[in-house]
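This report refers to the structure that appears directly beneath it.
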Amino acid sequence: MSLSAQSEGVDPATLREQLFDLWMRKELEALRQLTTSGFPRLQEPLTGLLTILEGCPGIQKGKSSTLGQLILAEFVRWRRSHPLVSVKSLEKEEKLKLQLRALNLITASQPGYIDTLLEVYELGTLETSRLLEHVAYLQNSCCYREAALLSMKVELQKELDMEQMCVPLILLDKLPLAESYVRDHPELQERLVKLLDSWCSPNFNLDELRRQYPHVSLSKHQTDQIQPKLLSRHVFRLMDKFNIDPGLCVNSVHKRKLDSLRFLMYKRFREKGMTEENWRDHVQVTVEGSVELQVVLVELLVHYCGLQVAAQWAKRYNVPRNRLPFGVWDTIQSLSSTQLEVNDVICPLESWVTPQSHQLQYYQLPLAREKVHFVQTLEQLQLCREAVLQPGCVVGVDMEWRAGFGTVFTQHVALIQLAVEGQVFLLDLCAHSLSQHSVTVQFIRTLLTNKDVLKLGYGMSGDFKSLVATWPELKEEPLVVKGVLDLLHVHQQLQRCWRGGRGSRSVEVNKGSVEKGLSLLVQQVLGKPLDKMEQLSNWERRPLRTSQLRYAAADAYCLLDVYLTLSQDPKAYGLPEDLSSIPSSQPAKSNQEKKPKDKSKQATGQRARKNVQTPAGGQEKCVRGNGEQWEAAIAPRELRVVCDNMLQGLGRFLRCLGVDVLMLENTDDHKVAAEIARAEGRIILTSGQPYQSLRSQVAEGRCLTLDCSEKARDQAIHVLKHFHVHLTPSDIFSRCQACNNNEYLKVSREDMTQMLSKRGLLQDNSEPQNTRVSEGQRSPDAQIFNPHCCWAPQSVLDPETFRFRRGAVIQLETVPTGLLPRIPEYFICTGCGKVFWEGTHYDRVLSQFQEVLHLSDGEVSSQRSLVNQ
C-alpha cells in the first residue's frame with residue numbers, strides 16, 4: 001500500500017496503519033521513504049505526529065526497538081529541513097494542548113521518547129506544577145525510570161523528594177540511575193549516601209521498607225542486592241566519588257572496621273602471616289573509640305587466644321562487665337595488675353643476616369646493610385638521583401604505604417624503594433622536608449618518564465594510583481610513563497606458556513593458596529618465595545625496624561634478580577628475546593593471520609577444551625585473558641564455571657542454557673571459588689573487588705569479571721560471547737536450573753497419575769475420566785523435546801518411595817492435578833527430584849538469547865520448553 005501522489009491532507013491514522021504494515025513486514029527502507037513523503041502531507045505535522053505515536057504499539061517481543069522510536073527518529077531528520085515546524089508558531093492554548101499530549105506519551109511501554117519529545121514540543125517550558133504532576137503520575141504508574149529521567153531532563157530534583165524518587169530505583173537494582181539523579185546536587189548526594197548507609201544498620205528491615213513502597217515488585221535477584229555486604233561497597237564508592245565525610249556513614253564504616261578486625265585475627269592467628277607488633281598496631285587503630293568493636297575484639301580473643309589474653313585487652317579498654325564474654329570477668333579478678341597489662345612488644349636488636357632456617361625457606365637480599373640507603377634529606381636524594389638516572393640503567397621500583405584497615409580513601413605512599421645493581425635506596429616520604437619538596441617530585445617524574453632508564457615493577461597500577469594521591473601535582477600535570485616493564489605481564493605470559501606445556505621448567509602454577517603475585521613469581525624463577533610477614537606493617541611509623549628495611553629492600557631488589565634470570569635464557573621459559581615486547585594481555589589475531597580451520601586442529605582444540613586446560617603439545621591460546629574471547633567455538637556443555645555468590649542470577653541463566661555451573665552460597669568466602677576452580681578445572685565468574693584476588697590464584701584466563709550493574713541476562717550473553725559458546729535450541733533446558741544436574745527421567749501421564757494417586761495427591765474419582773488417554777490419542781508433540789542431556793532408565797527410581805538412587809525424592813506436590821489431561825509426558829531431574837513439563841517458557845528464552853542463538857531450519861518449530869510450576 002502506498003500514498004497517492006495527488007492526495008492532500010493525509011489522515012494520520014491511515015498513515016500509521018501503512019507504517020505499521022511495513023514495520024511488521026520488516027521493510028524498513030520502504031517505511032523510511034513513507035515517513036519522508038508522509039510528514040509533509042500531514043495538515044498539522046506536530047498534531048499528526050502525536051496521533052500516530054498514540055496509536056503505535058509499545059515494546060514487541062523479538063524487537064529491540066519500537067515503531068514509535070523509528071518514526072520519531074525520522075521525524076527529527078525530516079524536521080531539520082523544515083525548521084518552521086515548531087510549537088513556537090502556535091497559539092498558547094494550542095501549544096499547551098500539544099505539550100500535555102506529548103507528556104502523556106512518556107511511559108515505560110514507550111521507551112526512548114523522552115529526549116525527542118522534550119526537544120520537539122519544548123516540554124521544558126511547561127509550568128513546573130504540570131511537570132511535577134506528570135512525574136507523580138509516572139511514579140504511581142510504577143514508571144520509576146521514566147519519572148527519574150524526566151525529572152533530570154527538566155531539572156526538577158530540588159522540587160522532588162529524593163527518597164521517594166531514588167528508593168524504588170535502588171530496590172529495582174538501578175542505583176546508577178539514582179547516582180545520575182543526584183549529580184551536580186551535593187546536598188542530594190549526601191542524602192543518597194546516608195540513605196544507603198542507613199540500610200547497612202543491623203536494625204534495617206527490608207520488609208518494612210517494602211511495605212512503604214507496596215507497588216515495587218522485587219525479584220529474588222533484586223532482593224539479594226539489598227544486603228549490608230553489597231550496600232557498604234556502594235557507600236564507600238560513592239563517598240569517594242562524591243567526596244562525602246566518612247563520619248556521616250557510621251554503619252558502613254563500622255562494618256568495614258569489623259571486617260578488618262576479623263581479618264586481622266585470621267591473619268595473625270590462623271595464617272600466622274603478621275608479626276605481633278604489626279597486629280597490635282592495626283588492632284588498636286581499628287577499635288579505637290568504639291565500645292562495640294572493643295567488645296568484638298575481646299570475644300575474638302577468647303576464641304583465638306583464651307581467657308587471659310582476652311582479659312588483658314578487656315582491662316585495657318575498660319569494657320563494661322555486662323558486655324564481657326563468659327569467664328572474662330572472673331579471669332580479670334584472678335589476675336594481678338602486672339599480669340593484666342598489655343605491654344608493647346619490645347623487639348630485640350635484629351641482625352641484618354637472617355637465621356639459617358629463614359635462608360633455607362625464603363629469598364634473601366644479596367646485599368650488606370651498608371648498601372641499603374635510607375634517604376631522608378635532599379643531599380642523600382642527590383646521591384640516589386646520580387645512581388638511578390644513568391642511561392641504560394635498570395631500576396627495580398616498589399612502594400609501601402600503611403595497610404588501609406577500616407579506612408576509606410586511597411593511602412599515601414610512605415616509602416619508595418629504588419634498587420639498582422649492588423644497592424637499594426629507600427626514599428622516606430614521611431620525612432616532610434623530603435616528601436613535600438618540589439625536587440623530590442621532579443626526580444620521581446623524571447625517573448618515570450625517562451625512556452633511557454628501564455623501570456621494573458610488579459602490578460604497578462596500584463603504585464601509580466597511590467603516588468598520585470600522595471602528590472596531586474602529578475594529576476594536574478599527568479605523567480607520561482616511559483621505559484617501564486611491569487613483570488606482572490611477564491608473569492602472565494609465563495603462566496600461559498607453562499599451562500600450555502612450553503618451557504623446560506616443571507613448575508606448578510598457582511597451586512594452593514600459599515604464594516601468589518610477586519612472591520609466586522620469585523619462587524617460580526629463583527626457587528624461593530618472598531617472606532611477606534612485614535607486608536602489612538605500619539609503614540608510617542619511624543624508625544623502621546631492621547626486618548622492615550630488609551623486606552622493603554628485598555621487594556625491590558628481587559625484581560632485578562628475576563629480570564636478569566629471565567633475560568639470560570628467555571627461551572627456556574617460553575618467553576620472547578625482548579621481554580619488553582610482551583603486551584599487557586594476549587592480543588587477538590589479526591584478519592591476516594586467520595587461516596582456514598582443518599579437522600585435525602579442531603579435534604585438538606576440542607580435546608583441550610574438554611580438559612579445560614591445554615595439555616602439553618596441544619593447541620595454544622585456547623584460554624585467553626580477561627576481556628578476550630576464546631579462539632574456537634565450544635558447546636555450552638563444554639564450558640564449566642564456578643559463579644561467585646554475587647552472580648547467582650547469572651548462574652541460573654547459564655544452567656538454563658546448558659552450561660555446567662557451580663554457585664557459591666551467600667555465606668561462602670570468595671576464595672572458595674578459587675579452590676573449586678583449581679580442584680575441578682573450572683573457570684571463575686566473579687564481580688568487583690574479589691576479581692583481583694581470585695585471578696592471582698588461578699592461571700591466566702581462568703577468571704572473568706562481570707559488571708554487577710548489568711542484568712543477569714546481559715551478563716550471560718557476555719559470557720557466551722567471551723568464550724565463543726555455540727548455543728543451539730537443544731542446549732536450552734538441558735540442565736536443571738536448581739541443582740545443575742543434566743540427567744532427566746521421562747514419566748508418562750499414566751505413571752504420573754499413579755504416583756500422585758499413591759501419594760494421596762489425586763482424587764480417586766478424577767483419574768479414570770480425566771487422565772487416561774489411548775496411544776492413538778497421545779499428543780504428537782510428546783516425544784519432541786530432545787535436549788543435549790542424559791536420559792535415566794526407569795531402574796534409577798524406587799517405585800515405592802519415589803526416591804532416586806542418589807537420594808532425591810520426586811517433588812510430586814509441585815505438579816498441579818489440572819495439568820494431567822493436557823500434559824502427556826513429564827521430565828524429572830534425578831538430582832533434586834524437580835518435575836518439569838512442556839510449556840511456553842522456551843519461546844521466552846529463545847527471544848532473550850536470539851542474538852547469540854544458532855538455529856538450523858525448522859529447529860525452532862520442532863522444540864518445546866520445560867516449565868516448572
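Numbering starts fresh at 1 for the residues of each chain in the C-alpha cells, the chains themselves are lettered A, B, ... in the order given, and ligands are numbered from 1 as they appear.
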#### Entry: Residues within 9 Å of Glu400 in chain A, only C-alpha atoms, excluding chain neighbours under 2 positions, as a list of chain:residue names
A:Asp398, A:Arg402, A:Ala403, A:His412, A:Val413, A:Ala414, A:Leu415, A:Ile416, A:Gln417, A:Asp463, A:Gln535, A:Trp539, A:Ala552
Kindly save the residues from that selection, with C-alpha atoms included, as a tab-separated table (two decimals), in the first residue's frame.
```
chain	number	residue	atom	x	y	z
A	398	ASP	CA	58.35	-0.62	44.59
A	402	ARG	CA	50.18	1.77	55.54
A	403	ALA	CA	47.61	-1.02	55.16
A	412	HIS	CA	49.55	7.89	50.72
A	413	VAL	CA	52.93	6.39	49.90
A	414	ALA	CA	55.23	6.21	52.90
A	415	LEU	CA	58.29	4.63	51.25
A	416	ILE	CA	59.63	4.39	47.69
A	417	GLN	CA	62.19	1.68	47.03
A	463	ASP	CA	51.60	2.07	42.98
A	535	GLN	CA	53.90	-6.65	54.15
A	539	TRP	CA	54.99	1.93	57.18
A	552	ALA	CA	61.40	-3.26	51.64
```
### Message
Need the shell around Thr36 in chain A: protein/DNA/RNA residues with any atom at most 8 Å away, counting only C-alpha atoms. Skip same-chain ones fewer than 3 positions apart. Format as a list in words?
### Response
Arg32, Gln33, Phe39, Pro40, Glu74, Phe75 and Trp78 of chain A
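Using only C-alpha atoms, the smallest distance between any of A:Val484, A:Ile52, A:Ala387, A:Met265 and Gln423 in chain A comes from A:Ala387.
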### Task
Quick one: everything within 9 Å of range 322-330 of chain A, counting only C-alpha atoms, minus sequence neighbours fewer than 4 positions away in the same chain. Send it as a ChimeraX atom specification.
/A:295,298-299,302,307-308,310-311,314,334-335
Restricting the output to all heavy atoms, write the selected residues as a CSV table (one decimal), in the first residue's frame.
```
chain,number,residue,atom,x,y,z
A,295,VAL,N,34.4,-4.8,72.3
A,295,VAL,CA,33.7,-6.0,72.7
A,295,VAL,C,33.9,-7.1,71.8
A,295,VAL,O,34.2,-8.3,72.2
A,295,VAL,CB,32.2,-5.7,72.9
A,295,VAL,CG1,31.4,-7.0,73.1
A,295,VAL,CG2,31.9,-4.7,74.0
A,298,VAL,N,37.4,-8.6,72.2
A,298,VAL,CA,37.5,-9.5,73.4
A,298,VAL,C,36.9,-10.8,73.0
A,298,VAL,O,37.5,-11.9,73.4
A,298,VAL,CB,36.9,-8.8,74.6
A,298,VAL,CG1,36.9,-9.8,75.8
A,298,VAL,CG2,37.6,-7.5,75.0
A,299,GLU,N,35.8,-10.8,72.4
A,299,GLU,CA,35.1,-12.1,72.0
A,299,GLU,C,36.0,-12.9,71.1
A,299,GLU,O,36.2,-14.1,71.3
A,299,GLU,CB,33.8,-11.8,71.3
A,299,GLU,CG,32.8,-11.2,72.3
A,299,GLU,CD,31.5,-10.8,71.5
A,299,GLU,OE1,31.6,-10.7,70.3
A,299,GLU,OE2,30.5,-10.5,72.2
A,302,VAL,N,39.0,-14.4,73.0
A,302,VAL,CA,38.6,-15.6,73.7
A,302,VAL,C,38.7,-16.9,72.8
A,302,VAL,O,39.2,-17.9,73.2
A,302,VAL,CB,37.2,-15.5,74.3
A,302,VAL,CG1,36.7,-16.8,74.9
A,302,VAL,CG2,37.2,-14.4,75.4
A,307,LEU,N,41.2,-17.0,77.7
A,307,LEU,CA,40.7,-16.0,78.6
A,307,LEU,C,41.7,-15.0,79.1
A,307,LEU,O,41.4,-13.8,79.3
A,307,LEU,CB,40.0,-16.7,79.8
A,307,LEU,CG,38.8,-17.5,79.5
A,307,LEU,CD1,38.3,-18.3,80.7
A,307,LEU,CD2,37.6,-16.6,79.1
A,308,GLN,N,42.9,-15.4,79.3
A,308,GLN,CA,43.9,-14.5,79.9
A,308,GLN,C,44.2,-13.3,78.9
A,308,GLN,O,44.2,-12.2,79.4
A,308,GLN,CB,45.2,-15.2,80.3
A,308,GLN,CG,46.2,-14.2,80.9
A,308,GLN,CD,47.4,-15.0,81.6
A,308,GLN,OE1,47.2,-16.1,81.9
A,308,GLN,NE2,48.5,-14.3,81.7
A,310,ALA,N,42.3,-12.3,76.5
A,310,ALA,CA,41.1,-11.5,76.3
A,310,ALA,C,40.9,-10.6,77.6
A,310,ALA,O,40.5,-9.5,77.4
A,310,ALA,CB,39.9,-12.5,76.2
A,311,ALA,N,41.2,-11.1,78.7
A,311,ALA,CA,41.1,-10.3,79.9
A,311,ALA,C,42.0,-9.1,79.9
A,311,ALA,O,41.7,-8.0,80.4
A,311,ALA,CB,41.3,-11.2,81.2
A,314,ALA,N,40.5,-6.6,77.6
A,314,ALA,CA,39.2,-6.1,78.2
A,314,ALA,C,39.6,-5.0,79.3
A,314,ALA,O,38.9,-4.0,79.4
A,314,ALA,CB,38.4,-7.2,78.8
A,334,SER,N,41.0,-12.6,88.9
A,334,SER,CA,42.0,-13.6,89.4
A,334,SER,C,43.4,-13.2,89.1
A,334,SER,O,44.4,-13.7,89.6
A,334,SER,CB,41.7,-15.0,88.8
A,334,SER,OG,41.9,-15.0,87.4
A,335,LEU,N,43.6,-12.3,88.1
A,335,LEU,CA,45.0,-11.9,87.7
A,335,LEU,C,45.5,-10.6,88.4
A,335,LEU,O,44.7,-9.8,88.8
A,335,LEU,CB,45.0,-11.7,86.2
A,335,LEU,CG,44.7,-12.9,85.3
A,335,LEU,CD1,44.7,-12.4,83.8
A,335,LEU,CD2,45.7,-14.0,85.5
```
